[in-house]
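**Q** First the structure, which I've put down as structure tokens, then a few questions once you've had a look.
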Amino acid sequence: MTALVYSYSRFSDPRQAEGQSLERQRNYAAEWAAKNGLQLDESLTMQDEGLSAYHQRHITSGALGVFLAAVEDRRIAPGSVLVVEGLDRLSRAEPMVAQAQLASIVSAGITVVTASDGQAYSREILKREPMKLIYSLLVMIRAHEESDTKSVRVTSSIVSLCKGWVDGTYKGFVRQGKDPQWLQETATGFQHIPDRVDALREAVALYKAGHSGQSISKRLVDSKQSPLNLPLSATHLYKILKNPNLVGTKTVEAGGQEFALEGYYPPVLTVDEWADLKSVGGDRGRRGAKSTIPHVITGLGITYCGYCGKAMSGQHLFGKIKVRGDKLKDGYRRLLCASRQYGDSPCPYPTSRSVAPIERAIMSYCSDIINLRALYGGDRAAPLRKQLTEQRTRQTEVSTQSERLMEIMLAASSSETPAMFVRRAQELEAEKLSLQRSIAHTEAQISSLARNDVDGVQAKWASLVLAPIQN
């Protein structure tokens, strides 16, 4: 391997790259290489824009991290030179961490040269001039203190802006975290990117209809749609569906506090649609199982095992077809508890049942009542369904709180568990039981209302028949 000169530059704010320091450093690296009889590696001129050395992001996800890995793997020849603007460009982490990074480079036989003051740091130089090691440490201490002070100042400013937003005294930008990719920033706020928002709404509708994340992702990729800069993956979809950005709320964590900035973004969903989406997400196993011949019932995502509560999936006994060309009989299409798919203990009653009679009963019922509710002047069950959504959402919240509290109680010994935790756990369990009864009652009301719609249908049809015809 041949020793080369490498140039590395870093800017925590990309706007800093618009100045002259980058060009000055590159020229300095070229001149230093020519003066010392080395060649500047133009192919590996490294630059990190928008990556903080205080939080070490230039190492975890930047070009310097790649360079350090190459040094560790001995892919950088000893005698090579790394040119930087200053030692603070290498790191602004805690002094011990920063010095260890410098030591790892120097120990590999690589010289670090700082363009700002023309200093060089190598094993030979530091051995000959040990005070340079102390000087480098002082530079790193100062750089860390500056970044630490700046971090505290920035955090305090963000907390102040968030409090102002919540109080209504400030409605400007809060520069913390990333903004949704289906929005574009304007001088006064944000606005939708129409094609991306359309793709997002379609993804939400498919998810609520029972489709899996993978099938939604594939459908959007096939139609060349995405709410993001890149094609939507199932992993990204699930993260988006849990993000309150959908209703225009930006969440910010700063100074040990969490803020919900309502109305920060233009919403994609209404509050009721968001509540319904969270209710869908809280129902484990809601989406139907994969199948080449999907069942009507599992496709709707409404069937659950009465013994273990998991979703029912479709089962097709193709092996029973002995003669080529024979049709799939009703008895070969079955419903089976999908508890095994969740990694839990198997269902105590895993026996399958033919799906055909259930499908025929549902289709017959639907054919009787379809379009008849319009005769009653609207959907009378709408308030009940909204109430059911709110109850299911609260049920999910209570279950989550109960699980977290149980984890805390299990982590402590029985003698150390506060009585307040025990009381709270009992209250949550009581609320869970109450919600279960309320949900069952609301579902019964909706079912009863649907039956009542059918009970009076003859009189409604009769009144229409006897009504005078309007010319």
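By convention here, the chains of the structure tokens are called A, B, ... in the order presented, each chain's residues are numbered starting at 1, and ligands are numbered starting at 1 in the order presented.
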So that I can check the surroundings of region 396-405 of chain A, please list as a PyMOL selection string every protein, DNA and RNA residue that reaches within 8 Å of it, counting only C-alpha atoms and ignoring chain neighbours fewer than 4 positions away.

**A** chain A and resi 279+282+392+409+421+425+428-429+431-432

**Q** Report as CSV: every residue of region 199-272 of chain A with an atom at most 7 Å from region 144-166 of chain A, its closest pair of atoms, and their distance in Å to one decimal, counting only C-alpha atoms, with rows sorted by chain and ascending residue number.

**A**
residue,atom,partner,partner_atom,distance
A:Ala254,CA,A:Thr155,CA,6.0
A:Gly255,CA,A:Thr155,CA,6.1
A:Phe259,CA,A:Cys162,CA,6.6
A:Leu261,CA,A:Val166,CA,6.3

**Q** Could you save those same residues with C-alpha atoms as a short mmCIF file (atom, residue, chain, number, x, y, z; two decimals), in the first residue's frame?

**A**
data_model
loop_
_atom_site.label_atom_id
_atom_site.label_comp_id
_atom_site.auth_asym_id
_atom_site.auth_seq_id
_atom_site.Cartn_x
_atom_site.Cartn_y
_atom_site.Cartn_z
CA ALA A 254 -36.18 18.39 24.94
CA GLY A 255 -34.76 19.06 28.37
CA PHE A 259 -44.24 18.33 24.08
CA LEU A 261 -47.43 20.64 19.30
#

**Q** In Å to one decimal, how far is CA of Ala70 (chain A) from CA of Arg128 (chain A)?

**A**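 For CA of Arg128 (chain A) relative to CA of Ala70 (chain A), the distance reads 27.2 Å.
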
**Q** Give me, as a ChimeraX atom specification, the residues of region 74-153 of chain A that a backbone DSSP run labels strand (DSSP E).

**A** /A:81-84,111-114,119-121

**Q** Please, what distance in Å, to one decimal, runs between CA of Gly248 (chain A) and CA of Leu269 (chain A)?

**A**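 Answer for the CA of Gly248 (chain A) to CA of Leu269 (chain A) separation: 8.3 Å.
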
**Q** Figure out the distance between CA of Asp117 (chain A) and CA of Lys132 (chain A), please, to one decimal in Å.

**A** 12.8 Å

**Q** Could you pull the residues within 7 Å of region 3-7 of chain A, counting only C-alpha atoms, minus those fewer than 6 positions along the same chain, as a list in words?

**A**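 Once the nearby chain positions are removed, what remains is Arg26, Ala29, Ala33, Leu38, Gln39, Leu40, Asp41, Leu44, Thr45, Met46, Ala77, Pro78, Gly79, Ser80, Val81, Leu82, Val83 and Val84 of chain A.
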
**Q** As a list of chain:residue names, please: the residues near Asn229 (chain A) (cut-off 10 Å, only C-alpha atoms, same-chain neighbours under 2 positions excluded).

**A**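 Neighbouring residues, sequence-local ones excluded: A:Gln181, A:Trp182, A:Arg196, A:Ser226, A:Pro227, A:Pro231, A:Leu232.
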
**Q** Can you write just those residues out, N, CA and C atoms, as a compact mmCIF listing (two decimals), in the first residue's frame?

**A**
# COMPACT_ATOMS: atom_id res chain seq x y z
N GLN A 181 -42.12 13.61 5.26
CA GLN A 181 -41.70 13.77 3.87
C GLN A 181 -42.87 13.98 2.93
N TRP A 182 -44.11 13.89 3.43
CA TRP A 182 -45.25 14.19 2.56
C TRP A 182 -45.64 15.67 2.66
N ARG A 196 -48.01 12.55 -2.70
CA ARG A 196 -47.54 11.78 -1.55
C ARG A 196 -48.65 11.60 -0.51
N SER A 226 -45.66 6.65 -3.34
CA SER A 226 -45.02 6.61 -2.03
C SER A 226 -45.21 7.95 -1.33
N PRO A 227 -45.45 7.94 -0.01
CA PRO A 227 -45.52 9.19 0.74
C PRO A 227 -44.14 9.72 1.14
N PRO A 231 -39.28 4.45 -1.95
CA PRO A 231 -40.44 3.55 -1.90
C PRO A 231 -40.77 3.19 -0.45
N LEU A 232 -42.06 3.07 -0.16
CA LEU A 232 -42.53 2.79 1.20
C LEU A 232 -42.33 1.31 1.53
